[in-house]
Amino acid sequence: MGPFASQALGDMGADVIKIEAPEGDAVRQIGPARHPGMGPIFLNANRNKRSVVLDLKQPEGAAALKRLLVDADVLMYNVRPQAMARLGLDYESVRAINPRLVYAGVFGFGQDGPYASRPAYDDLIQGAATLPHLMARASGGIPRYVPTAMADRVVGLTAVGAILASVLARQHTGRGDRVDIPMFETMVGFVLGDHLAGLTFEPPLNDGGYARLLSPERRPYRTRDGYICALVYNDKQWAGFLQGIGRSSLLHEDPRFASFASRAQHIDHVYGWLAQVFEQRTTQEWFELLEAADVPCMPMHDLHSVLDDPHLQATGFFETVQHPSEGTLRSMRPAPRWQTAARPEPRPAPALGEHTVQVLQEAGYSAAEVQAMLACRAALAGSVREEGA
């Protein structure tokens, strides 16, 4: 959550200082790597940041962080609030240092409930927010987690909005604020926006769940030679689709297809019928027919084919960049585009402690003071090794 949110802010031009423990962000170790501590998930979530290593359990390390907070705009933390309090970095302590600071916490649970001090990870929050249950209902199988860190990323994006709103509010009030972004509440609201359904009402009108999203037939359609993703949704699209396949009469012959409401009521039958129809033509034939009928469709990519998607190539989404230690990398551009603001010069994901000395000196530490901190290991400094060195 934290790295994803802070990268989004860094992509927009914020000067992001990433405070790492001496052992470094654990995500550095995930996935294949050319050098230890520079794994692909870390590289893809930590561009446009400076890495500073401080041992916050040592007085000198904690003091250095507090010194950095004097003129900071935002402190975002991605640990439990109880851990921040043990480090002397609770909101009241930090506000005394800088009353204009936005103090943003991304953690598991709201602090006024019984789960307040519990640890939280993406898998746990997915389960508690009903996603595995819904996956089982949709597939008729066993509960499964969504195969991406959805909770981390949704909550991270929510944090970006909350932080920017707090910064904007400070322009009017002159004061900072504490903003909590709990995973559990964020994800329950995210999921139940679709699936609360009849449970919205008292007494309930049904057992909840959005029938179309839960249909076991809602999946990419098998074609004669592959798969295609298509959504024949509104009345206009159904008329164009049925005309394209020579079955316009179906709207009048079968009441289950006659209207949006009737199709929604019989969604399993409708999607099952579509699955049989799609098997009769090749993927390319379907693309041509669906585009002519103005029916939304997309390819079903895998992790290789998406890299060659013609739209992503045309928009320059994937970039080849040179990292000072990791060599040639494939990178992904930030999706938002501004018409007049220039894109900040990208900064590659940092080595552990790469910017410790630089940032401490910017905070007013003398060279001798920095060396003293390094000597007692309250801070650690890393360096960027040149590729091949």
# chains A, B, ... in the order shown; residues from 1 in each chain; ligands from 1
call {"tool": "residues_around", "arguments": {"residues": "Gly209 (chain A)", "least_positions_apart": "6", "cutoff": "12 Å", "atoms": "only C-alpha atoms", "output": "PDB file with C-alpha atoms, in the first residue's frame"}}
result
ATOM      1  CA  THR A 130     -15.786 -11.330   1.093  1.00  0.00           C
ATOM      2  CA  LEU A 131     -13.717 -11.669  -2.107  1.00  0.00           C
ATOM      3  CA  HIS A 133     -16.509 -16.118  -0.899  1.00  0.00           C
ATOM      4  CA  LEU A 134     -17.613 -14.271  -4.019  1.00  0.00           C
ATOM      5  CA  MET A 135     -14.994 -16.070  -6.122  1.00  0.00           C
ATOM      6  CA  ARG A 137     -19.974 -18.315  -5.659  1.00  0.00           C
ATOM      7  CA  ALA A 138     -18.975 -17.245  -9.139  1.00  0.00           C
ATOM      8  CA  VAL A 191     -16.539  -4.741  -2.759  1.00  0.00           C
ATOM      9  CA  LEU A 192     -19.997  -4.179  -1.309  1.00  0.00           C
ATOM     10  CA  GLY A 193     -20.589  -1.224  -3.606  1.00  0.00           C
ATOM     11  CA  ASP A 194     -21.362  -3.951  -6.141  1.00  0.00           C
ATOM     12  CA  HIS A 195     -22.506  -6.797  -3.932  1.00  0.00           C
ATOM     13  CA  LEU A 196     -24.519  -5.414  -1.021  1.00  0.00           C
ATOM     14  CA  ALA A 197     -27.498  -5.548  -3.425  1.00  0.00           C
ATOM     15  CA  GLY A 198     -30.714  -6.549  -1.629  1.00  0.00           C
ATOM     16  CA  LEU A 199     -28.982  -6.320   1.745  1.00  0.00           C
ATOM     17  CA  THR A 200     -29.089  -2.563   1.189  1.00  0.00           C
ATOM     18  CA  SER A 215     -22.620 -15.676 -12.972  1.00  0.00           C
TER      19      SER A 215
END
call {"tool": "residues_around", "arguments": {"residues": "region 301-307 of chain A", "least_positions_apart": "5", "cutoff": "12 Å", "atoms": "only C-alpha atoms", "output": "compact mmCIF listing (two decimals) with C-alpha atoms, in the first residue's frame"}}
result
# COMPACT_ATOMS: atom_id res chain seq x y z
CA PRO A 220 -13.88 -14.82 -21.63
CA GLY A 226 -8.76 -18.95 -28.90
CA TYR A 227 -10.61 -16.57 -26.58
CA ILE A 228 -12.17 -13.12 -26.72
CA CYS A 229 -13.50 -10.71 -24.09
CA LEU A 312 -0.07 0.27 -25.36
CA GLN A 313 2.71 0.49 -27.92
CA ALA A 314 1.13 3.53 -29.57
CA GLY A 316 4.20 4.55 -25.12
CA PHE A 317 2.95 2.83 -21.98
CA PHE A 318 5.90 0.45 -21.81
CA GLU A 319 9.28 2.13 -21.77
CA THR A 320 12.78 0.74 -21.93
CA ARG A 330 10.98 -2.56 -18.97
CA SER A 331 9.07 0.14 -17.14
CA MET A 332 5.45 1.32 -17.20
call {"tool": "select_by_dssp", "arguments": {"residues": "region 147-212 of chain A", "states": "helix (DSSP H, G or I)", "output": "short mmCIF file (atom, residue, chain, number, x, y, z; two decimals) with all heavy atoms, in the first residue's frame"}}
result
data_model
loop_
_atom_site.label_atom_id
_atom_site.label_comp_id
_atom_site.auth_asym_id
_atom_site.auth_seq_id
_atom_site.Cartn_x
_atom_site.Cartn_y
_atom_site.Cartn_z
N MET A 150 -4.85 -6.92 -4.71
CA MET A 150 -5.91 -5.94 -4.95
C MET A 150 -6.11 -5.02 -3.77
O MET A 150 -6.26 -3.80 -3.92
CB MET A 150 -7.21 -6.64 -5.30
CG MET A 150 -8.37 -5.67 -5.52
SD MET A 150 -9.90 -6.49 -5.99
CE MET A 150 -9.55 -6.93 -7.67
N ALA A 151 -6.15 -5.57 -2.57
CA ALA A 151 -6.39 -4.73 -1.40
C ALA A 151 -5.27 -3.70 -1.23
O ALA A 151 -5.53 -2.51 -0.99
CB ALA A 151 -6.53 -5.58 -0.15
N ASP A 152 -4.04 -4.15 -1.36
CA ASP A 152 -2.92 -3.21 -1.24
C ASP A 152 -3.05 -2.06 -2.23
O ASP A 152 -2.81 -0.90 -1.89
CB ASP A 152 -1.60 -3.94 -1.50
CG ASP A 152 -1.14 -4.75 -0.30
OD1 ASP A 152 -1.69 -4.57 0.80
OD2 ASP A 152 -0.23 -5.58 -0.47
N ARG A 153 -3.40 -2.38 -3.46
CA ARG A 153 -3.40 -1.36 -4.49
C ARG A 153 -4.64 -0.46 -4.42
O ARG A 153 -4.54 0.76 -4.61
CB ARG A 153 -3.24 -2.02 -5.86
CG ARG A 153 -1.87 -2.68 -5.97
CD ARG A 153 -1.60 -3.33 -7.30
NE ARG A 153 -0.30 -3.98 -7.29
CZ ARG A 153 0.85 -3.38 -7.57
NH1 ARG A 153 0.86 -2.10 -7.89
NH2 ARG A 153 1.99 -4.04 -7.52
N VAL A 154 -5.79 -1.04 -4.12
CA VAL A 154 -6.98 -0.21 -3.97
C VAL A 154 -6.81 0.75 -2.79
O VAL A 154 -7.12 1.94 -2.88
CB VAL A 154 -8.23 -1.09 -3.78
CG1 VAL A 154 -9.43 -0.27 -3.32
CG2 VAL A 154 -8.56 -1.82 -5.08
N VAL A 155 -6.31 0.23 -1.67
CA VAL A 155 -6.13 1.08 -0.50
C VAL A 155 -5.03 2.11 -0.77
O VAL A 155 -5.12 3.27 -0.34
CB VAL A 155 -5.82 0.23 0.74
CG1 VAL A 155 -5.58 1.12 1.96
CG2 VAL A 155 -6.97 -0.73 1.03
N GLY A 156 -3.99 1.72 -1.50
CA GLY A 156 -2.96 2.68 -1.86
C GLY A 156 -3.51 3.84 -2.67
O GLY A 156 -3.19 5.00 -2.41
N LEU A 157 -4.35 3.53 -3.65
CA LEU A 157 -4.95 4.60 -4.45
C LEU A 157 -5.88 5.46 -3.61
O LEU A 157 -5.95 6.68 -3.80
CB LEU A 157 -5.71 4.00 -5.64
CG LEU A 157 -4.85 3.38 -6.74
CD1 LEU A 157 -5.73 2.72 -7.79
CD2 LEU A 157 -3.95 4.42 -7.38
N THR A 158 -6.60 4.83 -2.69
CA THR A 158 -7.45 5.60 -1.78
C THR A 158 -6.61 6.55 -0.94
O THR A 158 -7.00 7.70 -0.68
CB THR A 158 -8.25 4.65 -0.88
OG1 THR A 158 -9.02 3.75 -1.70
CG2 THR A 158 -9.20 5.41 0.04
N ALA A 159 -5.44 6.07 -0.52
CA ALA A 159 -4.55 6.91 0.28
C ALA A 159 -4.08 8.13 -0.50
O ALA A 159 -3.97 9.24 0.06
CB ALA A 159 -3.35 6.09 0.76
N VAL A 160 -3.79 7.95 -1.79
CA VAL A 160 -3.36 9.09 -2.61
C VAL A 160 -4.42 10.19 -2.58
O VAL A 160 -4.11 11.37 -2.36
CB VAL A 160 -3.08 8.65 -4.05
CG1 VAL A 160 -2.82 9.86 -4.95
CG2 VAL A 160 -1.87 7.71 -4.09
N GLY A 161 -5.67 9.81 -2.80
CA GLY A 161 -6.73 10.80 -2.79
C GLY A 161 -6.90 11.47 -1.43
O GLY A 161 -7.07 12.68 -1.34
N ALA A 162 -6.82 10.66 -0.37
CA ALA A 162 -6.99 11.22 0.97
C ALA A 162 -5.85 12.18 1.32
O ALA A 162 -6.07 13.23 1.93
CB ALA A 162 -7.06 10.08 1.99
N ILE A 163 -4.64 11.82 0.94
CA ILE A 163 -3.49 12.68 1.23
C ILE A 163 -3.59 13.99 0.47
O ILE A 163 -3.40 15.08 1.03
CB ILE A 163 -2.18 11.94 0.89
CG1 ILE A 163 -1.93 10.82 1.91
CG2 ILE A 163 -1.00 12.90 0.83
CD1 ILE A 163 -0.84 9.86 1.52
N LEU A 164 -3.91 13.91 -0.82
CA LEU A 164 -4.00 15.14 -1.61
C LEU A 164 -5.15 16.02 -1.13
O LEU A 164 -5.04 17.26 -1.14
CB LEU A 164 -4.15 14.80 -3.08
CG LEU A 164 -2.94 14.11 -3.73
CD1 LEU A 164 -3.20 13.81 -5.19
CD2 LEU A 164 -1.69 14.95 -3.57
N ALA A 165 -6.24 15.40 -0.68
CA ALA A 165 -7.34 16.19 -0.13
C ALA A 165 -6.89 16.92 1.13
O ALA A 165 -7.26 18.09 1.36
CB ALA A 165 -8.54 15.29 0.17
N SER A 166 -6.10 16.26 1.96
CA SER A 166 -5.61 16.89 3.19
C SER A 166 -4.64 18.03 2.88
O SER A 166 -4.67 19.07 3.55
CB SER A 166 -4.93 15.84 4.07
OG SER A 166 -5.85 14.86 4.49
N VAL A 167 -3.79 17.83 1.89
CA VAL A 167 -2.87 18.91 1.49
C VAL A 167 -3.65 20.10 0.97
O VAL A 167 -3.34 21.26 1.28
CB VAL A 167 -1.87 18.38 0.44
CG1 VAL A 167 -1.05 19.53 -0.15
CG2 VAL A 167 -0.95 17.34 1.05
N LEU A 168 -4.70 19.83 0.18
CA LEU A 168 -5.52 20.92 -0.34
C LEU A 168 -6.25 21.65 0.79
O LEU A 168 -6.32 22.89 0.82
CB LEU A 168 -6.52 20.36 -1.35
CG LEU A 168 -7.41 21.37 -2.07
CD1 LEU A 168 -6.57 22.32 -2.91
CD2 LEU A 168 -8.42 20.65 -2.96
N ALA A 169 -6.78 20.89 1.75
CA ALA A 169 -7.48 21.52 2.87
C ALA A 169 -6.54 22.40 3.68
O ALA A 169 -6.95 23.46 4.19
CB ALA A 169 -8.09 20.44 3.77
N ARG A 170 -5.28 22.00 3.79
CA ARG A 170 -4.31 22.79 4.55
C ARG A 170 -4.11 24.17 3.93
O ARG A 170 -3.81 25.13 4.63
CB ARG A 170 -2.98 22.04 4.60
CG ARG A 170 -1.93 22.72 5.47
CD ARG A 170 -0.65 21.94 5.48
NE ARG A 170 -0.08 21.84 4.15
CZ ARG A 170 0.90 20.99 3.82
NH1 ARG A 170 1.39 20.15 4.72
NH2 ARG A 170 1.38 20.97 2.60
N GLN A 171 -4.30 24.28 2.62
CA GLN A 171 -4.17 25.59 1.99
C GLN A 171 -5.22 26.56 2.52
O GLN A 171 -5.02 27.78 2.48
CB GLN A 171 -4.28 25.45 0.48
CG GLN A 171 -3.15 24.66 -0.16
CD GLN A 171 -3.29 24.58 -1.67
OE1 GLN A 171 -4.20 25.17 -2.24
NE2 GLN A 171 -2.38 23.87 -2.31
N HIS A 172 -6.34 26.03 2.98
CA HIS A 172 -7.42 26.89 3.49
C HIS A 172 -7.33 27.08 5.00
O HIS A 172 -7.65 28.16 5.51
CB HIS A 172 -8.77 26.28 3.12
CG HIS A 172 -8.99 26.16 1.65
ND1 HIS A 172 -9.32 27.22 0.84
CD2 HIS A 172 -8.89 25.08 0.82
CE1 HIS A 172 -9.43 26.81 -0.42
NE2 HIS A 172 -9.17 25.53 -0.46
N THR A 173 -6.91 26.03 5.73
CA THR A 173 -6.91 26.11 7.19
C THR A 173 -5.56 26.50 7.77
O THR A 173 -5.50 26.98 8.91
CB THR A 173 -7.31 24.75 7.78
OG1 THR A 173 -6.29 23.78 7.46
CG2 THR A 173 -8.64 24.27 7.22
N MET A 183 -7.38 -0.60 5.73
CA MET A 183 -7.60 -1.55 4.64
C MET A 183 -9.00 -2.18 4.70
O MET A 183 -9.70 -2.28 3.69
CB MET A 183 -6.56 -2.67 4.69
CG MET A 183 -5.14 -2.26 4.49
SD MET A 183 -4.00 -3.67 4.66
CE MET A 183 -4.29 -4.55 3.11
N PHE A 184 -9.37 -2.66 5.88
CA PHE A 184 -10.60 -3.44 6.00
C PHE A 184 -11.81 -2.63 5.58
O PHE A 184 -12.59 -3.04 4.71
CB PHE A 184 -10.73 -3.93 7.44
CG PHE A 184 -11.89 -4.87 7.68
CD1 PHE A 184 -12.28 -5.80 6.73
CD2 PHE A 184 -12.56 -4.84 8.90
CE1 PHE A 184 -13.34 -6.67 6.98
CE2 PHE A 184 -13.62 -5.71 9.15
CZ PHE A 184 -14.01 -6.62 8.19
N GLU A 185 -11.98 -1.46 6.16
CA GLU A 185 -13.14 -0.64 5.83
C GLU A 185 -13.11 -0.20 4.36
O GLU A 185 -14.15 -0.17 3.69
CB GLU A 185 -13.18 0.58 6.75
CG GLU A 185 -13.53 0.25 8.19
CD GLU A 185 -12.31 -0.01 9.07
OE1 GLU A 185 -11.32 -0.58 8.57
OE2 GLU A 185 -12.36 0.35 10.27
N THR A 186 -11.92 0.14 3.86
CA THR A 186 -11.82 0.56 2.47
C THR A 186 -12.26 -0.55 1.53
O THR A 186 -13.03 -0.32 0.59
CB THR A 186 -10.37 0.98 2.14
OG1 THR A 186 -9.99 2.06 2.98
CG2 THR A 186 -10.24 1.40 0.69
N MET A 187 -11.79 -1.77 1.78
CA MET A 187 -12.10 -2.87 0.87
C MET A 187 -13.54 -3.36 1.01
O MET A 187 -14.17 -3.76 0.03
CB MET A 187 -11.13 -4.02 1.08
CG MET A 187 -9.76 -3.77 0.48
SD MET A 187 -9.79 -3.38 -1.30
CE MET A 187 -10.44 -4.92 -1.98
N VAL A 188 -14.07 -3.35 2.22
CA VAL A 188 -15.49 -3.73 2.37
C VAL A 188 -16.37 -2.75 1.59
O VAL A 188 -17.29 -3.16 0.86
CB VAL A 188 -15.89 -3.78 3.86
CG1 VAL A 188 -17.41 -3.93 4.00
CG2 VAL A 188 -15.20 -4.95 4.55
N GLY A 189 -16.09 -1.46 1.68
CA GLY A 189 -16.85 -0.50 0.89
C GLY A 189 -16.65 -0.68 -0.60
O GLY A 189 -17.59 -0.56 -1.39
N PHE A 190 -15.42 -1.00 -1.01
CA PHE A 190 -15.12 -1.22 -2.42
C PHE A 190 -15.90 -2.40 -2.99
O PHE A 190 -16.51 -2.32 -4.05
CB PHE A 190 -13.61 -1.44 -2.56
CG PHE A 190 -13.12 -1.71 -3.95
CD1 PHE A 190 -12.93 -0.66 -4.85
CD2 PHE A 190 -12.84 -2.99 -4.37
CE1 PHE A 190 -12.47 -0.91 -6.13
CE2 PHE A 190 -12.39 -3.25 -5.65
CZ PHE A 190 -12.20 -2.20 -6.53
N VAL A 191 -15.90 -3.52 -2.27
CA VAL A 191 -16.54 -4.74 -2.76
C VAL A 191 -18.06 -4.65 -2.65
O VAL A 191 -18.79 -4.99 -3.59
CB VAL A 191 -16.01 -5.97 -2.00
CG1 VAL A 191 -16.77 -7.23 -2.42
CG2 VAL A 191 -14.51 -6.14 -2.23
N LEU A 192 -18.55 -4.18 -1.51
CA LEU A 192 -20.00 -4.18 -1.31
C LEU A 192 -20.70 -3.09 -2.11
O LEU A 192 -21.93 -3.12 -2.23
CB LEU A 192 -20.33 -4.04 0.17
CG LEU A 192 -19.89 -5.20 1.07
CD1 LEU A 192 -20.53 -5.08 2.44
CD2 LEU A 192 -20.24 -6.56 0.45
N GLY A 193 -19.95 -2.15 -2.67
CA GLY A 193 -20.59 -1.22 -3.61
C GLY A 193 -21.28 -1.96 -4.74
O GLY A 193 -22.32 -1.51 -5.25
N ASP A 194 -20.71 -3.09 -5.15
CA ASP A 194 -21.36 -3.95 -6.14
C ASP A 194 -22.29 -4.98 -5.50
O ASP A 194 -23.35 -5.27 -6.04
CB ASP A 194 -20.30 -4.72 -6.95
CG ASP A 194 -19.62 -3.87 -7.99
OD1 ASP A 194 -20.26 -2.94 -8.51
OD2 ASP A 194 -18.43 -4.13 -8.27
N HIS A 195 -21.88 -5.54 -4.37
CA HIS A 195 -22.51 -6.80 -3.93
C HIS A 195 -23.41 -6.69 -2.71
O HIS A 195 -23.98 -7.69 -2.30
CB HIS A 195 -21.41 -7.84 -3.67
CG HIS A 195 -20.74 -8.30 -4.93
ND1 HIS A 195 -21.37 -9.11 -5.85
CD2 HIS A 195 -19.49 -8.05 -5.43
CE1 HIS A 195 -20.55 -9.35 -6.85
NE2 HIS A 195 -19.40 -8.72 -6.63
N ALA A 197 -26.25 -5.19 -2.71
CA ALA A 197 -27.50 -5.55 -3.42
C ALA A 197 -28.72 -5.47 -2.50
O ALA A 197 -28.95 -4.44 -1.86
CB ALA A 197 -27.36 -6.93 -4.06
N GLY A 198 -29.48 -6.57 -2.41
CA GLY A 198 -30.71 -6.55 -1.63
C GLY A 198 -30.51 -6.35 -0.15
O GLY A 198 -31.45 -5.99 0.57
N LEU A 199 -29.27 -6.57 0.34
CA LEU A 199 -28.98 -6.32 1.74
C LEU A 199 -28.91 -4.83 2.05
O LEU A 199 -28.81 -4.43 3.21
CB LEU A 199 -27.66 -7.00 2.13
CG LEU A 199 -27.65 -8.53 2.01
CD1 LEU A 199 -26.26 -9.07 2.28
CD2 LEU A 199 -28.68 -9.17 2.94
N THR A 200 -29.00 -4.01 1.00
CA THR A 200 -29.09 -2.56 1.19
C THR A 200 -30.36 -2.19 1.94
O THR A 200 -30.40 -1.20 2.68
CB THR A 200 -29.08 -1.86 -0.18
OG1 THR A 200 -27.87 -2.19 -0.87
CG2 THR A 200 -29.21 -0.36 -0.07
N ALA A 211 -25.81 -10.30 -9.51
CA ALA A 211 -25.96 -11.56 -10.24
C ALA A 211 -25.08 -11.62 -11.48
O ALA A 211 -24.49 -12.67 -11.78
CB ALA A 211 -27.43 -11.77 -10.61
N ARG A 212 -24.96 -10.53 -12.23
CA ARG A 212 -24.16 -10.59 -13.45
C ARG A 212 -22.69 -10.88 -13.15
O ARG A 212 -22.05 -11.69 -13.81
CB ARG A 212 -24.29 -9.29 -14.24
CG ARG A 212 -23.65 -9.37 -15.63
CD ARG A 212 -23.69 -8.03 -16.35
NE ARG A 212 -22.68 -7.12 -15.89
CZ ARG A 212 -21.39 -7.16 -16.28
NH1 ARG A 212 -20.98 -8.11 -17.10
NH2 ARG A 212 -20.53 -6.28 -15.82
#
call {"tool": "select_by_dssp", "arguments": {"residues": "region 204-332 of chain A", "states": "strand (DSSP E or B)", "output": "PyMOL selection string"}}
result
chain A and resi 221-222+227-230+297-299+318-323+327-332
call {"tool": "closest_residue", "arguments": {"among": "A:Asn78, A:Gln29, A:Ser117, A:Ser51", "to": "Ala381 (chain A)", "atoms": "only C-alpha atoms"}}
result
A:Ser51
call {"tool": "residues_around", "arguments": {"residues": "Met373 (chain A)", "least_positions_apart": "2", "cutoff": "12 Å", "atoms": "only C-alpha atoms", "output": "ChimeraX atom specification"}}
result
/A:53-56,58-64,356-357,360-361,365-371,375-381
call {"tool": "write_last_selection", "arguments": {"atoms": "N, CA and C atoms", "output": "compact mmCIF listing (two decimals), in the first residue's frame"}}
result
# COMPACT_ATOMS: atom_id res chain seq x y z
N VAL A 53 18.24 5.02 4.96
CA VAL A 53 18.20 3.96 5.96
C VAL A 53 18.46 4.56 7.33
N LEU A 54 17.46 4.42 8.22
CA LEU A 54 17.58 4.87 9.60
C LEU A 54 17.13 3.74 10.52
N ASP A 55 17.86 3.52 11.57
CA ASP A 55 17.43 2.59 12.61
C ASP A 55 16.63 3.39 13.63
N LEU A 56 15.32 3.33 13.51
CA LEU A 56 14.47 4.17 14.35
C LEU A 56 14.41 3.69 15.79
N GLN A 58 17.12 3.29 17.47
CA GLN A 58 18.21 4.02 18.11
C GLN A 58 17.82 5.50 18.22
N PRO A 59 18.18 6.13 19.32
CA PRO A 59 17.79 7.54 19.50
C PRO A 59 18.25 8.44 18.36
N GLU A 60 19.46 8.18 17.86
CA GLU A 60 19.98 9.02 16.79
C GLU A 60 19.16 8.86 15.51
N GLY A 61 18.71 7.63 15.23
CA GLY A 61 17.90 7.40 14.04
C GLY A 61 16.54 8.06 14.14
N ALA A 62 15.90 7.91 15.30
CA ALA A 62 14.60 8.54 15.51
C ALA A 62 14.71 10.06 15.45
N ALA A 63 15.80 10.59 16.01
CA ALA A 63 15.99 12.05 15.99
C ALA A 63 16.18 12.55 14.56
N ALA A 64 16.86 11.75 13.74
CA ALA A 64 17.07 12.16 12.35
C ALA A 64 15.75 12.23 11.60
N THR A 356 20.98 8.26 1.77
CA THR A 356 21.05 8.58 3.19
C THR A 356 21.91 9.82 3.45
N VAL A 357 23.11 9.82 2.93
CA VAL A 357 24.02 10.93 3.19
C VAL A 357 23.48 12.22 2.61
N LEU A 360 20.40 13.51 4.71
CA LEU A 360 20.78 14.00 6.03
C LEU A 360 21.51 15.35 5.92
N GLN A 361 22.35 15.50 4.91
CA GLN A 361 23.02 16.79 4.74
C GLN A 361 22.03 17.88 4.38
N TYR A 365 22.59 18.20 8.72
CA TYR A 365 23.66 17.47 9.38
C TYR A 365 25.00 17.80 8.73
N SER A 366 26.01 17.97 9.55
CA SER A 366 27.35 18.19 9.01
C SER A 366 27.93 16.85 8.56
N ALA A 367 29.00 16.92 7.79
CA ALA A 367 29.65 15.69 7.34
C ALA A 367 30.10 14.85 8.52
N ALA A 368 30.61 15.49 9.56
CA ALA A 368 31.07 14.76 10.74
C ALA A 368 29.89 14.09 11.45
N GLU A 369 28.76 14.80 11.55
CA GLU A 369 27.58 14.22 12.20
C GLU A 369 27.06 13.02 11.42
N VAL A 370 27.06 13.12 10.10
CA VAL A 370 26.62 11.99 9.27
C VAL A 370 27.53 10.80 9.49
N GLN A 371 28.84 11.04 9.51
CA GLN A 371 29.77 9.94 9.71
C GLN A 371 29.60 9.31 11.08
N ALA A 375 28.72 5.46 11.77
CA ALA A 375 29.62 4.66 12.59
C ALA A 375 28.87 3.87 13.66
N CYS A 376 27.82 4.48 14.25
CA CYS A 376 27.05 3.77 15.27
C CYS A 376 25.88 3.00 14.68
N ARG A 377 25.78 3.02 13.37
CA ARG A 377 24.77 2.29 12.60
C ARG A 377 23.34 2.75 12.91
N ALA A 378 23.21 4.00 13.35
CA ALA A 378 21.88 4.60 13.44
C ALA A 378 21.37 4.92 12.04
N ALA A 379 22.32 5.04 11.10
CA ALA A 379 21.99 5.23 9.69
C ALA A 379 22.95 4.37 8.88
N LEU A 380 22.49 3.98 7.69
CA LEU A 380 23.33 3.21 6.79
C LEU A 380 23.30 3.90 5.43
N ALA A 381 24.42 3.86 4.75
CA ALA A 381 24.51 4.47 3.42
C ALA A 381 24.86 3.40 2.41
call {"tool": "residues_around", "arguments": {"residues": "region 42-48 of chain A", "least_positions_apart": "4", "cutoff": "6 Å", "atoms": "only C-alpha atoms", "output": "ChimeraX atom specification"}}
result
/A:3-4,7,10,27-28,346-349
call {"tool": "atom_distance", "arguments": {"atom1": "CA of Gly176 (chain A)", "atom2": "CA of Arg86 (chain A)"}}
result
22.1 Å
call {"tool": "closest_residue", "arguments": {"among": "A:Lys18, A:Arg175, A:Arg95, A:Arg118", "to": "Arg50 (chain A)", "atoms": "only C-alpha atoms"}}
result
A:Lys18
call {"tool": "atom_distance", "arguments": {"atom1": "CA of Ala351 (chain A)", "atom2": "CA of Ser325 (chain A)"}}
result
8.4 Å
call {"tool": "atom_distance", "arguments": {"atom1": "CA of Pro299 (chain A)", "atom2": "CA of Val277 (chain A)"}}
result
17.3 Å
call {"tool": "closest_residue", "arguments": {"among": "A:Asp308, A:Glu345, A:Glu354, A:Glu291", "to": "Asp15 (chain A)", "atoms": "only C-alpha atoms"}}
result
A:Glu345
call {"tool": "decode", "arguments": {"residues": "region 94-125 of chain A", "atoms": "C-alpha atoms", "output": "PDB file, in the first residue's frame"}}
result
ATOM      1  CA  VAL A  94       4.743  14.609  15.315  1.00  0.00           C
ATOM      2  CA  ARG A  95       2.274  17.503  15.307  1.00  0.00           C
ATOM      3  CA  ALA A  96       4.382  19.184  17.981  1.00  0.00           C
ATOM      4  CA  ILE A  97       7.296  19.110  15.535  1.00  0.00           C
ATOM      5  CA  ASN A  98       5.340  20.345  12.503  1.00  0.00           C
ATOM      6  CA  PRO A  99       1.696  21.394  12.933  1.00  0.00           C
ATOM      7  CA  ARG A 100       1.303  21.735   9.147  1.00  0.00           C
ATOM      8  CA  LEU A 101       2.202  18.097   8.516  1.00  0.00           C
ATOM      9  CA  VAL A 102      -0.326  15.703   6.971  1.00  0.00           C
ATOM     10  CA  TYR A 103       0.051  12.514   9.021  1.00  0.00           C
ATOM     11  CA  ALA A 104      -1.277   9.677   6.858  1.00  0.00           C
ATOM     12  CA  GLY A 105      -1.516   6.096   8.070  1.00  0.00           C
ATOM     13  CA  VAL A 106      -2.231   3.125   5.810  1.00  0.00           C
ATOM     14  CA  PHE A 107      -2.815   0.091   8.001  1.00  0.00           C
ATOM     15  CA  GLY A 108      -5.264  -2.704   8.639  1.00  0.00           C
ATOM     16  CA  PHE A 109      -8.194  -1.463  10.676  1.00  0.00           C
ATOM     17  CA  GLY A 110      -9.929   1.640  11.969  1.00  0.00           C
ATOM     18  CA  GLN A 111      -8.613   2.592  15.388  1.00  0.00           C
ATOM     19  CA  ASP A 112     -11.964   2.742  17.154  1.00  0.00           C
ATOM     20  CA  GLY A 113     -12.814  -0.944  16.696  1.00  0.00           C
ATOM     21  CA  PRO A 114     -11.752  -4.239  18.307  1.00  0.00           C
ATOM     22  CA  TYR A 115      -9.377  -5.088  15.425  1.00  0.00           C
ATOM     23  CA  ALA A 116      -7.402  -1.865  15.889  1.00  0.00           C
ATOM     24  CA  SER A 117      -4.057  -3.444  16.772  1.00  0.00           C
ATOM     25  CA  ARG A 118      -4.223  -6.476  14.499  1.00  0.00           C
ATOM     26  CA  PRO A 119      -1.675  -7.000  11.726  1.00  0.00           C
ATOM     27  CA  ALA A 120      -3.087  -7.074   8.206  1.00  0.00           C
ATOM     28  CA  TYR A 121      -1.977  -8.329   4.825  1.00  0.00           C
ATOM     29  CA  ASP A 122      -3.641  -8.303   1.427  1.00  0.00           C
ATOM     30  CA  ASP A 123      -4.782 -11.946   1.635  1.00  0.00           C
ATOM     31  CA  LEU A 124      -6.383 -11.456   5.044  1.00  0.00           C
ATOM     32  CA  ILE A 125      -8.235  -8.341   3.970  1.00  0.00           C
TER      33      ILE A 125
END
